[in-house]
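Q: This is the content of data_0.cif (mmCIF, C-alpha atoms):
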```
data_final
loop_
_atom_site.group_PDB
_atom_site.id
_atom_site.type_symbol
_atom_site.label_atom_id
_atom_site.label_comp_id
_atom_site.auth_asym_id
_atom_site.auth_seq_id
_atom_site.Cartn_x
_atom_site.Cartn_y
_atom_site.Cartn_z
ATOM 1 C CA MET A 17 0.000 0.000 0.000
ATOM 2 C CA SER A 18 1.343 3.405 -0.928
ATOM 3 C CA ASP A 19 1.352 6.568 1.151
ATOM 4 C CA ILE A 20 -1.950 8.417 1.291
ATOM 5 C CA THR A 21 -1.927 11.732 -0.553
ATOM 6 C CA LEU A 22 -3.484 14.799 1.093
ATOM 7 C CA VAL A 23 -5.367 17.132 -1.257
ATOM 8 C CA ASP A 24 -6.201 20.589 0.123
ATOM 9 C CA LEU A 25 -9.606 21.698 -1.165
ATOM 10 C CA THR A 26 -10.113 24.532 1.327
ATOM 11 C CA LEU A 27 -9.596 27.244 -1.300
ATOM 12 C CA PHE A 28 -12.429 25.978 -3.498
ATOM 13 C CA GLY A 29 -16.168 26.524 -3.225
ATOM 14 C CA CYS A 30 -19.033 24.574 -4.713
ATOM 15 C CA PRO A 31 -18.837 22.879 -7.164
ATOM 16 C CA MET A 32 -15.054 23.165 -7.592
ATOM 17 C CA HIS A 33 -14.186 21.259 -4.406
ATOM 18 C CA TYR A 34 -16.102 18.245 -5.748
ATOM 19 C CA ILE A 35 -14.601 18.580 -9.241
ATOM 20 C CA LYS A 36 -11.076 18.786 -7.778
ATOM 21 C CA ALA A 37 -11.800 15.778 -5.536
ATOM 22 C CA ARG A 38 -12.913 13.707 -8.545
ATOM 23 C CA GLU A 39 -9.816 14.836 -10.440
ATOM 24 C CA ALA A 40 -7.581 13.690 -7.566
ATOM 25 C CA LEU A 41 -9.307 10.296 -7.534
ATOM 26 C CA LYS A 42 -8.614 9.834 -11.247
ATOM 27 C CA HIS A 43 -4.907 9.864 -10.347
ATOM 28 C CA THR A 44 -5.419 7.331 -7.541
ATOM 29 C CA ALA A 45 -5.319 3.580 -8.156
ATOM 30 C CA ILE A 46 -8.453 1.537 -7.495
ATOM 31 C CA GLU A 47 -8.571 0.400 -3.829
ATOM 32 C CA GLU A 48 -6.070 3.132 -2.842
ATOM 33 C CA SER A 49 -7.053 6.097 -0.666
ATOM 34 C CA VAL A 50 -6.683 9.852 -0.768
ATOM 35 C CA ASP A 51 -7.324 12.325 2.059
ATOM 36 C CA LEU A 52 -9.329 15.425 1.181
ATOM 37 C CA LEU A 53 -9.015 18.502 3.399
ATOM 38 C CA VAL A 54 -12.226 20.548 3.176
ATOM 39 C CA ASN A 55 -13.772 23.434 5.060
ATOM 40 C CA THR A 56 -15.976 22.257 7.913
ATOM 41 C CA GLY A 57 -19.672 22.763 7.187
ATOM 42 C CA ASP A 58 -21.626 22.362 3.962
ATOM 43 C CA ALA A 59 -18.499 21.474 1.970
ATOM 44 C CA VAL A 60 -18.059 18.285 4.008
ATOM 45 C CA ASP A 61 -21.607 17.133 3.266
ATOM 46 C CA GLU A 62 -21.393 18.095 -0.402
ATOM 47 C CA VAL A 63 -18.077 16.349 -1.105
ATOM 48 C CA PHE A 64 -18.823 13.323 1.102
ATOM 49 C CA ASN A 65 -22.308 12.727 -0.329
ATOM 50 C CA SER A 66 -21.330 13.360 -3.956
ATOM 51 C CA LEU A 67 -18.358 10.988 -3.848
ATOM 52 C CA SER A 68 -20.430 8.360 -2.022
ATOM 53 C CA GLN A 69 -23.082 8.616 -4.745
ATOM 54 C CA ASP A 70 -20.285 8.103 -7.285
ATOM 55 C CA GLY A 71 -19.599 4.746 -5.611
ATOM 56 C CA GLN A 72 -16.515 5.710 -3.599
ATOM 57 C CA GLU A 73 -15.973 4.662 0.031
ATOM 58 C CA CYS A 74 -15.804 7.765 2.246
ATOM 59 C CA ALA A 75 -15.061 8.297 5.934
ATOM 60 C CA ILE A 76 -14.398 11.390 8.020
ATOM 61 C CA THR A 77 -11.032 10.823 9.694
ATOM 62 C CA SER A 78 -10.641 14.126 11.550
ATOM 63 C CA SER A 79 -12.392 17.401 12.212
ATOM 64 C CA GLU A 80 -10.237 20.143 13.665
ATOM 65 C CA GLY A 81 -11.631 23.640 13.936
ATOM 66 C CA LEU A 82 -12.253 25.022 10.476
ATOM 67 C CA THR A 83 -11.221 21.945 8.483
ATOM 68 C CA THR A 84 -12.321 18.342 8.130
ATOM 69 C CA THR A 85 -10.425 15.471 6.522
ATOM 70 C CA ILE A 86 -12.356 12.978 4.421
ATOM 71 C CA ARG A 87 -10.577 9.741 3.508
ATOM 72 C CA VAL A 88 -11.809 8.395 0.185
ATOM 73 C CA ARG A 89 -11.026 4.894 -1.034
ATOM 74 C CA ARG A 90 -11.381 4.647 -4.792
ATOM 75 C CA LYS A 91 -13.753 1.812 -5.662
ATOM 76 C CA GLN A 92 -14.195 2.421 -9.386
#
```
Mind converting the file's structure to structure tokens?

A:
Amino acid sequence: MSDITLVDLTLFGCPMHYIKAREALKHTAIEESVDLLVNTGDAVDEVFNSLSQDGQECAITSSEGLTTTIRVRRKQ
């Protein structure tokens, strides 16, 4: 298993944070994970739910102040 890449999406609003997350997953091998750093709040729900609907496995791994980390395992 390779190291997990962290992608900072805190500078992007809707829908760019989701588009950038999908782009990062395209560069991730199937069954590998990437950590997405997003602004706490609506962005977490939007990215988490959208990627889950795309068939990816998502889990919130940390929430610290203004940011939340979502770990996404590429399933397809």

Q: Take CA of Ser66 (chain A) and CA of Glu47 (chain A) and report the distance between them in Å, one decimal.

A: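 These two atoms are separated by 18.2 Å.
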
Q: Here's the selection I'm unsure about, the PyMOL selection byres ((chain A and resi 27) around 12); applied to the file above, which residues does it give, as JSON, numbers by chain?

A: {"A": [23, 24, 25, 26, 28, 29, 30, 31, 32, 33, 34, 36, 53, 54, 55, 59, 83]}

Q: Could you check how far CA of Phe64 (chain A) sits from CA of Ile35 (chain A), in Å to one decimal?

A: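 A separation of 12.3 Å between them.
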
Q: How many Å separate CA of Gly71 (chain A) from CA of Gln92 (chain A)?

A: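 Pair CA of Gly71 (chain A) / CA of Gln92 (chain A) returns 7.0 Å.
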
Q: Report as a list in words the residues that result from applying the PyMOL selection byres ((chain A and resi 45) around 12) to the structure here.

A: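 Expected selection for the PyMOL selection byres ((chain A and resi 45) around 12) here is Met17, Ser18, Asp19, Ile20, Thr21, Ala40, Leu41, Lys42, His43, Thr44, Ile46, Glu47, Glu48, Ser49, Val50, Val88, Arg89, Arg90, Lys91 and Gln92 of chain A.
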